[in-house]
$ cat data-v2.cif   # mmCIF, C-alpha atoms
data_coords
#
loop_
_atom_site.group_PDB
_atom_site.id
_atom_site.type_symbol
_atom_site.label_atom_id
_atom_site.label_comp_id
_atom_site.auth_asym_id
_atom_site.auth_seq_id
_atom_site.Cartn_x
_atom_site.Cartn_y
_atom_site.Cartn_z
ATOM 1 C CA MET J 198 29.558 41.650 26.876
ATOM 2 C CA GLY J 199 32.397 39.268 26.268
ATOM 3 C CA SER J 200 35.559 40.093 24.426
ATOM 4 C CA ILE J 201 37.146 38.356 21.502
ATOM 5 C CA PHE J 202 40.267 38.280 23.654
ATOM 6 C CA GLU J 203 40.644 35.543 26.269
ATOM 7 C CA ASP J 204 43.030 35.261 29.232
ATOM 8 C CA ASP J 205 46.684 35.963 28.550
ATOM 9 C CA GLU J 206 47.481 32.280 29.066
ATOM 10 C CA GLU J 207 45.188 31.219 26.203
ATOM 11 C CA GLY J 208 45.711 34.197 23.879
ATOM 12 C CA PHE J 209 42.824 35.596 21.848
ATOM 13 C CA ASP J 210 40.034 33.934 19.896
ATOM 14 C CA LEU J 211 41.332 33.982 16.317
ATOM 15 C CA GLU J 212 38.119 32.547 14.856
ATOM 16 C CA ALA J 213 36.043 35.346 16.391
ATOM 17 C CA VAL J 214 38.402 37.949 14.999
ATOM 18 C CA GLU J 215 38.249 36.429 11.507
ATOM 19 C CA ALA J 216 34.442 36.172 11.650
ATOM 20 C CA ARG J 217 34.135 39.833 12.628
ATOM 21 C CA HIS J 218 36.595 40.769 9.904
ATOM 22 C CA ARG J 219 34.496 38.937 7.279
ATOM 23 C CA GLU J 220 31.366 40.669 8.524
ATOM 24 C CA MET J 221 33.004 44.088 8.279
ATOM 25 C CA GLU J 222 34.138 43.319 4.740
ATOM 26 C CA ALA J 223 30.622 42.232 3.798
ATOM 27 C CA GLU J 224 29.113 45.423 5.235
ATOM 28 C CA GLU J 225 31.691 47.511 3.402
ATOM 29 C CA GLN J 226 30.962 45.716 0.124
ATOM 30 C CA LEU J 227 27.238 46.216 0.666
ATOM 31 C CA GLU J 228 27.763 49.946 1.180
ATOM 32 C CA LEU J 229 29.721 50.123 -2.064
ATOM 33 C CA ASP J 230 27.025 48.204 -3.928
ATOM 34 C CA LEU J 231 24.274 50.451 -2.600
ATOM 35 C CA GLU J 232 26.202 53.601 -3.460
ATOM 36 C CA GLU J 233 26.887 52.343 -6.959
ATOM 37 C CA LEU J 234 23.256 51.362 -7.466
ATOM 38 C CA SER J 235 22.035 54.729 -6.188
ATOM 39 C CA GLY J 236 24.420 56.601 -8.460
ATOM 40 C CA ALA J 237 23.380 54.567 -11.474
ATOM 41 C CA ALA J 238 19.704 55.142 -10.719
ATOM 42 C CA ALA J 239 20.249 58.890 -10.347
ATOM 43 C CA ASN J 240 21.914 59.000 -13.763
ATOM 44 C CA GLY J 241 19.113 57.007 -15.350
ATOM 45 C CA GLU J 242 21.404 54.055 -16.000
ATOM 46 C CA ILE J 243 20.298 50.417 -15.882
ATOM 47 C CA PHE J 244 22.470 48.696 -13.309
ATOM 48 C CA PRO J 245 22.141 45.018 -12.355
ATOM 49 C CA GLU J 246 21.071 44.182 -8.820
ATOM 50 C CA SER J 247 23.689 42.826 -6.475
ATOM 51 C CA ASP J 248 24.018 39.064 -6.198
ATOM 52 C CA TRP J 249 22.838 39.193 -2.605
ATOM 53 C CA GLU J 250 19.633 41.015 -3.495
ATOM 54 C CA ALA J 251 19.012 38.629 -6.373
ATOM 55 C CA THR J 252 19.523 35.670 -4.032
ATOM 56 C CA VAL J 253 17.133 37.070 -1.414
ATOM 57 C CA GLU J 254 14.571 37.811 -4.125
ATOM 58 C CA ALA J 255 14.817 34.238 -5.431
ATOM 59 C CA VAL J 256 14.382 32.785 -1.935
ATOM 60 C CA LEU J 257 11.351 34.945 -1.105
ATOM 61 C CA PHE J 258 9.690 34.200 -4.438
ATOM 62 C CA THR J 259 10.293 30.452 -4.237
ATOM 63 C CA MET J 260 9.312 29.940 -0.599
ATOM 64 C CA GLY J 261 6.025 31.850 -0.900
ATOM 65 C CA ASN J 262 5.518 31.988 2.869
ATOM 66 C CA SER J 263 7.425 34.218 5.270
ATOM 67 C CA VAL J 264 11.157 33.556 5.583
ATOM 68 C CA GLU J 265 13.090 34.169 8.795
ATOM 69 C CA LEU J 266 15.967 36.628 8.658
ATOM 70 C CA SER J 267 18.324 33.864 9.793
ATOM 71 C CA GLN J 268 17.370 31.833 6.712
ATOM 72 C CA LEU J 269 18.046 34.780 4.415
ATOM 73 C CA ALA J 270 21.419 35.226 6.095
ATOM 74 C CA LEU J 271 22.136 31.557 5.463
ATOM 75 C CA ALA J 272 21.143 31.932 1.802
ATOM 76 C CA ILE J 273 23.688 34.700 1.151
ATOM 77 C CA ASP J 274 26.237 33.252 3.618
ATOM 78 C CA GLN J 275 26.405 36.478 5.615
ATOM 79 C CA SER J 276 25.399 37.714 9.048
ATOM 80 C CA GLU J 277 21.813 38.614 9.920
ATOM 81 C CA LYS J 278 22.826 42.267 10.100
ATOM 82 C CA VAL J 279 23.998 42.184 6.477
ATOM 83 C CA ALA J 280 20.977 40.128 5.418
ATOM 84 C CA LYS J 281 18.621 42.687 6.959
ATOM 85 C CA ARG J 282 20.252 45.547 5.066
ATOM 86 C CA VAL J 283 20.069 43.551 1.833
ATOM 87 C CA VAL J 284 16.385 42.677 2.172
ATOM 88 C CA GLU J 285 15.517 46.223 3.229
ATOM 89 C CA SER J 286 17.340 47.553 0.177
ATOM 90 C CA LEU J 287 15.405 45.141 -2.029
ATOM 91 C CA ARG J 288 12.180 46.095 -0.304
ATOM 92 C CA LYS J 289 12.855 49.799 -0.990
ATOM 93 C CA ARG J 290 13.600 49.022 -4.620
ATOM 94 C CA TYR J 291 10.193 47.368 -4.985
ATOM 95 C CA GLU J 292 8.566 50.464 -3.498
ATOM 96 C CA ASP J 293 10.480 52.974 -5.614
ATOM 97 C CA GLU J 294 9.823 51.099 -8.875
ATOM 98 C CA ASN J 295 6.127 50.570 -8.058
ATOM 99 C CA ARG J 296 6.220 46.867 -8.846
ATOM 100 C CA GLY J 297 3.228 44.580 -8.688
ATOM 101 C CA MET J 298 4.895 42.661 -5.857
ATOM 102 C CA GLN J 299 5.928 43.911 -2.444
ATOM 103 C CA ILE J 300 8.055 42.608 0.406
ATOM 104 C CA LEU J 301 6.393 42.575 3.819
ATOM 105 C CA GLU J 302 8.109 42.417 7.195
ATOM 106 C CA LEU J 303 6.310 40.102 9.604
ATOM 107 C CA GLU J 304 7.855 40.026 13.071
ATOM 108 C CA GLY J 305 11.423 39.531 11.984
ATOM 109 C CA ALA J 306 10.517 37.532 8.886
ATOM 110 C CA TYR J 307 9.971 38.658 5.309
ATOM 111 C CA GLN J 308 7.455 37.599 2.678
ATOM 112 C CA MET J 309 6.856 38.492 -0.960
ATOM 113 C CA SER J 310 3.220 39.170 -1.834
ATOM 114 C CA THR J 311 1.008 40.873 -4.410
ATOM 115 C CA ARG J 312 0.052 44.492 -3.859
ATOM 116 C CA VAL J 313 -3.527 44.878 -2.674
ATOM 117 C CA LYS J 314 -4.436 47.346 -5.413
ATOM 118 C CA TYR J 315 -3.923 44.629 -8.043
ATOM 119 C CA TYR J 316 -6.263 42.082 -6.435
ATOM 120 C CA GLU J 317 -9.148 43.010 -8.742
ATOM 121 C CA ASN J 318 -6.969 42.371 -11.787
ATOM 122 C CA LEU J 319 -5.984 38.977 -10.406
ATOM 123 C CA ILE J 320 -9.619 38.039 -9.776
ATOM 124 C CA ARG J 321 -10.452 38.696 -13.436
ATOM 125 C CA VAL J 322 -7.830 36.188 -14.521
ATOM 126 C CA ALA J 323 -8.591 33.638 -11.792
ATOM 127 C CA SER J 324 -12.323 33.660 -12.552
ATOM 128 C CA ALA J 325 -11.832 33.219 -16.301
ATOM 129 C CA PRO J 326 -12.773 29.732 -17.562
ATOM 130 C CA LYS J 327 -9.802 27.440 -17.916
ATOM 131 C CA LYS J 328 -9.105 25.339 -20.970
ATOM 132 C CA HIS J 329 -7.880 21.891 -20.061
ATOM 133 C CA LEU J 330 -5.547 19.831 -22.190
ATOM 134 C CA LEU J 331 -6.925 16.329 -22.615
ATOM 135 C CA THR J 332 -4.483 13.451 -22.717
ATOM 136 C CA GLU J 333 -4.904 10.487 -25.057
ATOM 137 C CA VAL J 334 -6.284 8.437 -22.163
ATOM 138 C CA ALA J 335 -8.828 11.129 -21.314
ATOM 139 C CA LEU J 336 -9.871 11.517 -24.960
ATOM 140 C CA GLU J 337 -10.262 7.771 -25.342
ATOM 141 C CA THR J 338 -12.390 7.583 -22.212
ATOM 142 C CA LEU J 339 -14.453 10.599 -23.263
ATOM 143 C CA SER J 340 -15.097 9.033 -26.673
ATOM 144 C CA ILE J 341 -16.410 5.853 -25.066
ATOM 145 C CA ILE J 342 -18.726 7.835 -22.802
ATOM 146 C CA ALA J 343 -19.937 10.004 -25.684
ATOM 147 C CA TYR J 344 -20.876 7.050 -27.879
ATOM 148 C CA LYS J 345 -21.996 4.593 -25.171
ATOM 149 C CA GLN J 346 -23.704 6.917 -22.665
ATOM 150 C CA PRO J 347 -24.964 6.341 -20.128
ATOM 151 C CA VAL J 348 -22.127 4.008 -19.205
ATOM 152 C CA THR J 349 -20.504 2.804 -15.988
ATOM 153 C CA LYS J 350 -16.820 2.871 -15.090
ATOM 154 C CA LEU J 351 -16.737 -0.928 -15.240
ATOM 155 C CA GLU J 352 -18.060 -0.936 -18.806
ATOM 156 C CA ILE J 353 -15.512 1.718 -19.813
ATOM 157 C CA SER J 354 -12.701 -0.306 -18.249
ATOM 158 C CA ARG J 355 -13.822 -3.442 -20.094
ATOM 159 C CA ILE J 356 -13.721 -1.610 -23.416
ATOM 160 C CA ARG J 357 -10.335 -0.010 -22.748
ATOM 161 C CA GLY J 358 -8.839 -3.077 -21.103
ATOM 162 C CA VAL J 359 -7.533 -1.075 -18.125
ATOM 163 C CA SER J 360 -8.977 0.755 -15.130
ATOM 164 C CA SER J 361 -10.528 4.079 -16.118
ATOM 165 C CA ASP J 362 -11.488 5.483 -12.722
ATOM 166 C CA HIS J 363 -8.897 8.262 -12.775
ATOM 167 C CA ALA J 364 -9.736 9.328 -16.328
ATOM 168 C CA VAL J 365 -13.489 9.470 -15.584
ATOM 169 C CA ASN J 366 -12.905 11.467 -12.405
ATOM 170 C CA ARG J 367 -10.729 13.936 -14.291
ATOM 171 C CA LEU J 368 -13.403 14.394 -16.986
ATOM 172 C CA VAL J 369 -15.969 15.067 -14.250
ATOM 173 C CA GLU J 370 -13.583 17.631 -12.764
ATOM 174 C CA TYR J 371 -13.276 19.321 -16.171
ATOM 175 C CA GLY J 372 -17.078 19.530 -16.457
ATOM 176 C CA LEU J 373 -17.202 17.390 -19.606
ATOM 177 C CA VAL J 374 -18.883 14.408 -17.929
ATOM 178 C CA TYR J 375 -21.410 14.047 -15.113
ATOM 179 C CA GLU J 376 -23.100 11.300 -13.126
ATOM 180 C CA ALA J 377 -26.341 10.716 -14.999
ATOM 181 C CA GLY J 378 -27.850 8.157 -12.642
ATOM 182 C CA ARG J 379 -27.435 4.719 -11.108
ATOM 183 C CA LEU J 380 -27.644 1.340 -12.809
ATOM 184 C CA ASP J 381 -30.335 -0.955 -11.434
ATOM 185 C CA ALA J 382 -27.848 -3.690 -10.537
ATOM 186 C CA PRO J 383 -26.018 -4.978 -7.445
ATOM 187 C CA GLY J 384 -24.044 -2.116 -5.935
ATOM 188 C CA ARG J 385 -25.995 0.376 -8.060
ATOM 189 C CA PRO J 386 -22.906 1.612 -9.983
ATOM 190 C CA ALA J 387 -22.938 5.204 -11.255
ATOM 191 C CA GLN J 388 -23.560 5.858 -14.930
ATOM 192 C CA PHE J 389 -21.844 8.704 -16.739
ATOM 193 C CA ALA J 390 -22.835 10.889 -19.673
ATOM 194 C CA THR J 391 -21.534 13.999 -21.421
ATOM 195 C CA THR J 392 -22.515 17.537 -20.392
ATOM 196 C CA GLU J 393 -23.536 20.666 -22.288
ATOM 197 C CA GLU J 394 -19.971 21.887 -21.792
ATOM 198 C CA PHE J 395 -18.833 18.882 -23.826
ATOM 199 C CA LEU J 396 -21.129 19.925 -26.668
ATOM 200 C CA ARG J 397 -19.847 23.507 -26.546
ATOM 201 C CA ARG J 398 -16.209 22.458 -26.512
ATOM 202 C CA PHE J 399 -16.599 20.113 -29.473
ATOM 203 C CA GLY J 400 -18.919 22.360 -31.446
ATOM 204 C CA VAL J 401 -21.961 20.078 -31.736
ATOM 205 C CA SER J 402 -25.550 20.752 -30.734
ATOM 206 C CA SER J 403 -26.369 17.162 -29.826
ATOM 207 C CA VAL J 404 -24.659 13.813 -29.339
ATOM 208 C CA MET J 405 -26.601 12.748 -32.442
ATOM 209 C CA ASP J 406 -24.330 15.102 -34.410
ATOM 210 C CA LEU J 407 -21.185 13.250 -33.408
ATOM 211 C CA PRO J 408 -19.298 11.799 -36.386
ATOM 212 C CA THR J 409 -19.911 8.163 -37.198
ATOM 213 C CA VAL J 410 -17.395 5.571 -38.299
ATOM 214 C CA ASN J 411 -17.924 3.894 -41.675
ATOM 215 C CA PRO J 412 -18.226 0.076 -41.652
ATOM 216 C CA GLU J 413 -14.755 -0.492 -43.124
ATOM 217 C CA GLN J 414 -13.012 1.621 -40.470
ATOM 218 C CA GLU J 415 -15.115 0.025 -37.760
ATOM 219 C CA GLY J 416 -14.073 -3.446 -38.933
ATOM 220 C CA GLU J 417 -10.395 -2.443 -38.953
ATOM 221 C CA ILE J 418 -10.645 -0.991 -35.443
ATOM 222 C CA ILE J 419 -12.361 -4.135 -34.122
ATOM 223 C CA GLN J 420 -9.701 -6.316 -35.715
ATOM 224 C CA GLU J 421 -6.879 -4.242 -34.212
ATOM 225 C CA VAL J 422 -8.493 -4.405 -30.780
ATOM 226 C CA GLU J 423 -8.955 -8.171 -31.019
ATOM 227 C CA GLU J 424 -5.320 -8.635 -32.074
ATOM 228 C CA GLU J 425 -4.126 -6.444 -29.216
ATOM 229 C CA LEU J 426 -6.255 -8.387 -26.717
ATOM 230 C CA GLN J 427 -5.039 -11.710 -28.083
ATOM 231 C CA LEU J 428 -1.432 -10.542 -27.776
ATOM 232 C CA LYS J 429 -2.067 -9.481 -24.192
ATOM 233 C CA LEU J 430 -3.674 -12.840 -23.397
ATOM 234 C CA ASN J 431 -0.709 -14.698 -24.906
ATOM 235 C CA ILE J 432 1.752 -12.641 -22.871
ATOM 236 C CA ASP J 433 -0.252 -13.151 -19.686
ATOM 237 C CA GLY J 434 -0.515 -16.876 -20.409
ATOM 238 C CA THR J 435 3.228 -17.178 -20.985
ATOM 239 C CA LEU J 436 3.993 -15.334 -17.760
ATOM 240 C CA GLU J 437 1.532 -17.504 -15.862
ATOM 241 C CA GLU J 438 3.127 -20.670 -17.265
ATOM 242 C CA GLU J 439 6.627 -19.429 -16.383
ATOM 243 C CA ASN J 440 5.511 -18.557 -12.881
ATOM 244 C CA GLY J 441 3.930 -22.022 -12.505
ATOM 245 C CA ASP J 442 7.146 -23.751 -13.591
ATOM 246 C CA ARG J 443 9.161 -21.650 -11.175
ATOM 247 C CA LEU J 444 6.764 -22.462 -8.342
ATOM 248 C CA GLU J 445 7.088 -26.201 -8.996
ATOM 249 C CA GLU J 446 10.869 -25.883 -9.032
ATOM 250 C CA LEU J 447 10.854 -24.098 -5.680
ATOM 251 C CA GLU J 448 8.565 -26.758 -4.208
ATOM 252 C CA ARG J 449 10.942 -29.517 -5.362
ATOM 253 C CA GLU J 450 13.924 -27.703 -3.867
ATOM 254 C CA GLU J 451 12.057 -27.303 -0.592
ATOM 255 C CA THR J 452 11.183 -31.038 -0.555
ATOM 256 C CA ASP J 453 14.786 -32.048 -1.276
ATOM 257 C CA HIS J 454 16.028 -29.713 1.412
ATOM 258 C CA GLY J 455 13.576 -31.214 3.925
ATOM 259 C CA GLN J 456 14.748 -34.738 3.184
ATOM 260 C CA THR J 457 18.419 -33.798 3.551
ATOM 261 C CA ASP J 458 17.821 -32.205 6.943
ATOM 262 C CA SER J 459 15.569 -34.968 8.269
ATOM 263 C CA ASN J 460 18.040 -35.716 11.103
ATOM 264 C CA PRO J 461 19.252 -32.328 12.274
ATOM 265 C CA VAL J 462 22.044 -32.053 14.839
ATOM 266 C CA PHE J 463 21.542 -29.655 17.738
ATOM 267 C CA ILE J 464 24.541 -28.091 19.450
#
$ encode --input "data-v2.cif" --output "structure tokens"
Amino acid sequence: MGSIFEDDEEGFDLEAVEARHREMEAEEQLELDLEELSGAAANGEIFPESDWEATVEAVLFTMGNSVELSQLALAIDQSEKVAKRVVESLRKRYEDENRGMQILELEGAYQMSTRVKYYENLIRVASAPKKHLLTEVALETLSIIAYKQPVTKLEISRIRGVSSDHAVNRLVEYGLVYEAGRLDAPGRPAQFATTEEFLRRFGVSSVMDLPTVNPEQEGEIIQEVEEELQLKLNIDGTLEEENGDRLEELEREETDHGQTDSNPVFI
């Protein structure tokens, strides 16, 4: 083993001495923390965990996978020896308090995981049906499918004015829509319709029971859609005209530049 002291000509390694001194201070502080925590626990007092233990706990929880001891040491800015004592103290705390989580040691690394005896409870929650929150886009797409079914993605996109592939795929994932068949047309595009789950979620026994829109509301909706489409067409037309003018300007500049440099000089 080497020494922190070098040859007499060079003196001793001051950095090594200071590093060892910091490590000794950290170990001493850890001992004090552990003693204080143990005393508080014996007296039935509620004492906050040390900052180091809280830091290690946060790292293990966030990372999910196993974390090397060197990484834990880096997290608390201490040596691996101190980090090991901290994580072992935290691990013992989890055992003593019979928490639902545990800290496992895996060949020099540590990982936070659920206790095996609670797996059955987790399965009950994981297997329970999930309720999905539908966005406005998804609701709009679902409404079109419900009233126009069976309908293709292209038809839905034409009605909405934008691509609806993602929204349809998400509705299929939620079990509210399914592929009901193929259209007898070039490419044989898929047609989509609502499922029984859709009926259950919306409290109707048949698509025939879906609410209808009165003629006045339908006329207002059609008018709003037409105005929105017209506005979009005007904006697109204006942009196209501006782009055309800009293109002509660039072509003129390029022509002028070519005429100016018709007799280039090589050096």
$ closest_residue --input "data-v2.cif" --among "J:Gly358, J:Gly384, J:Gly305, J:Gly372" --to "J:Arg397" --atoms "only C-alpha atoms"
J:Gly372
$ residues_around --input "data-v2.cif" --residues "J:Ala390" --least-positions-apart "4" --cutoff "10 Å" --atoms "all atoms listed in the file" --output "PyMOL selection string"
chain J and resi 339+341-349+369+373-378+395
$ resolve_selection --input "data-v2.cif" --expression "the PyMOL selection byres ((chain J and resi 270) around 10)" --output "NGL selection string"
:J and (249 or 253 or 265-269 or 271-281 or 283-284)
$ atom_distance --input "data-v2.cif" --atom1 "atom CA of J:Arg379" --atom2 "atom CA of J:Glu337"
22.5 Å
$ closest_residue --input "data-v2.cif" --among "J:Leu319, J:Leu380, J:Leu301, J:Leu287" --to "J:Ala251" --atoms "only C-alpha atoms"
J:Leu287
$ atom_distance --input "data-v2.cif" --atom1 "atom CA of J:Tyr316" --atom2 "atom CA of J:Lys289"
21.3 Å
$ atom_distance --input "data-v2.cif" --atom1 "atom CA of J:Leu330" --atom2 "atom CA of J:Ala364"
12.7 Å
$ resolve_selection --input "data-v2.cif" --expression "the PyMOL selection byres ((chain J and resi 263) around 7)" --output "number ranges by chain"
J: 261-262, 264-265, 306-308
$ resolve_selection --input "data-v2.cif" --expression "the PyMOL selection byres ((chain J and resi 296) around 12)" --output "MDAnalysis selection string"
chainID J and resid 287:295 297:300 309:315
